[in-house]
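A.B. asks: Okay, handing you the structure first.
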Amino acid sequence: MTIFSVQSTIFTRASVVLLSSNGLKRFSFASSFSSNAVYSSPLPKMKKQRRYPIVSAVDINGVTIARNDVVRDDDPTNNVPDSIFSKLGMQLHRRDKHPIGIIKNAIYDYFDSNYAKKFEKFEDLSPIVSTKQNFDDVLVPADHVSRSLNDTYYVDPETVLRCHTSAHQAELLRKGHRRFLVTGDVYRRDSIDATHYPVFHQMEGFCVFSPEDWNESGIDSTLYAAEDLKKCLEGLARHLFGAVEMRWVDTYFPFTEPSFELEIYFKDDWLEVLGCGVTEQGILKQSGLDNNVAWAFGLGLERLAMVLFDIPDIRLFWSSDERFTSQFGKGELGLKFKPFSKYPPCYKDISFWISDSFTENNFCEVVRGIAGDLVEEVKLIDSFTNKKKGLTSHCYRIVFRSMERSLTDEEVNNLQSKVRDEVQRKLNVELR
């Protein structure tokens with residue numbers, strides 16, 4: 001289940017095919033689809049400035065995906081940068097000695113121990129999905145903000161990088177799967193700070209019940225599913241965090257009703273662990289399960305890993321530095337990360353008059369495209385409106401800091417200069 005906050009389907013290697021249509025390459029999926037995608041606040045379409053080393057192709061579970069099929073200069077809806085394309089196929093969740101893989105396997109252990117052979121596991125489904133799979137199949141409203149170019153990476157008007165593992169839900173149900181866990185990398189345009197990154201990893205759990213399941217209990221189907229869901233997830237929380245205090249918070253998601261968030265009291269504070277709920281009947285009906293009821297949950301693996309391993313910066317998950325990677329071993333849940341160094345930050349401010357089309361996500365994409373993982377945080381520190389001019393000014397503080405070395409003044413000044421040039425060129429703003 002998807003949570004739109006911090007924090008199709010190609011099922012076999014042969015099922016992803018690149019076709020030529022009207023002279024342009026595009027992705028073809030097994031199922032037909034349509035979309036009501038909302039393209040609000042798009043990036044002005046300019047020739048992409050490639051600050052990242054160009055990766056010509058990536059391998060996703062044995063399927064080679066060419067860069068030109070995902071990063072397209074000729075499509076005005078395409079907003080996938082090279083920095084994101086290069087992450088496709090890395091699949092941190094399938095590395096047993098990586099914190100993300102360790103968390104995933106710990107959750108697998110819980111389900112294997114308590115629900116032996118009842119939940120199928122999927123962790124190699126392609127992150128390139130249709131808009132129907134990503135939005136329509138899970139009842140995301142046509143005007144929902146998550147559909148916009150400001151929030152989602154579009155390959156073309158009908159194809160996106162999945163925003164959530166829920167994108168595979170309907171296809172799995174249509175194929176006859178009734179209890180499953182789906183794990184994978186997901187992609188969202190987002191802010192820049194220690195807990196947000198445009199690529200992260202989710203796990204989705206889904207469980208379908210038939211009338212004979214709840215008829216024997218003597219309670220209605222929705223209550224039966226909700227009670228079973230809470231029992232399952234409370235057990236999972238104890239498996240990961242030990243004997244902790246828990247509480248359930250009522251919330252809203254478009255794909256479940258009722259909907260809940262599970263919070264635990266951990267390290268003297270309440271921590272949101274996951275979102276979940278009883279699946280909306282519309283999702284089941286479109287898969288021919290009119291007489292059934294189901295529950296679903298979704299959790300972010302980075303969020304759990306940062307807490308359980310004391311990892312202070314989400315960028316570290318993508319580090320190949322042995323001082324990070326050597327600290328973790330297969331099955332070693334809860335080992336505490338030992339910082340290997342804290343290099344000094346470098347602060348740079350930038351001020352400009354914004355345009356009507358300006359969004360902070362677009363600004364962060366420009367900064368990431370130039371500085372990559374050398375940027376630690378982008379924060380709005382001042383905003384005011386000149387009523388005479390009818391213009392609003394934003395001042396952002398950019399924090400540059402490498403996790404592996406000290407940055408030189410010359411290097412940071414060069415990055416800041418490029419940011420100023422690109423912001424003015426791409427975002428239609430006036431520098432101050």
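Order determines the names: the first chain of the structure tokens is A, the second B, and so forth; residues in each chain are numbered 1 upward, and ligands are numbered 1 upward as they are shown.
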Could you pull out all residues of segment 107-349 of chain A with a DSSP call of strand (DSSP E) and give them as an MDAnalysis selection string?

C.D. replies: chainID A and resid 120:122 128:130 154:156 159:161 179:187 199:209 245:253 256:266 269:279 293:300 346:349

A.B. asks: For the interface of segment 206-314 of chain A with segment 321-330 of chain A (cut-off 12 Å, counting only C-alpha atoms), please tabulate each contacting residue of segment 206-314 of chain A alongside its nearest pair of atoms and their separation in Å to one decimal, rows sorted by chain and increasing number, as a tab-separated table.

C.D. replies:
```
residue	atom	partner	partner_atom	distance
A:Ala305	CA	A:Phe328	CA	11.6
A:Phe309	CA	A:Phe328	CA	9.4
A:Ile311	CA	A:Phe324	CA	10.0
A:Asp313	CA	A:Phe324	CA	11.8
```

A.B. asks: I'd like to know which residues of segment 183-428 of chain A are alpha helix (DSSP H) (by DSSP, run on the backbone); could you write them as an NGL selection string?

C.D. replies: :A and (211-215 or 221-241 or 281-285 or 301-309 or 322-325 or 360-371 or 409-427)

A.B. asks: Of the candidates A:Arg315, A:His239, A:Lys342, A:His201, which one gets nearest to Glu302 of chain A if we count only C-alpha atoms?

C.D. replies: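 Nearest candidate to Glu302 of chain A out of A:Arg315, A:His239, A:Lys342, A:His201: A:His201.
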
A.B. asks: List the spatial neighbours of segment 402-417 of chain A as a list of chain:residue names - criterion: any atom at most 7 Å away, only C-alpha atoms, same-chain residues fewer than 6 positions off excluded.

C.D. replies: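 Those residues are A:Tyr343, A:Pro344, A:Ile370, A:Ala371, A:Leu374.
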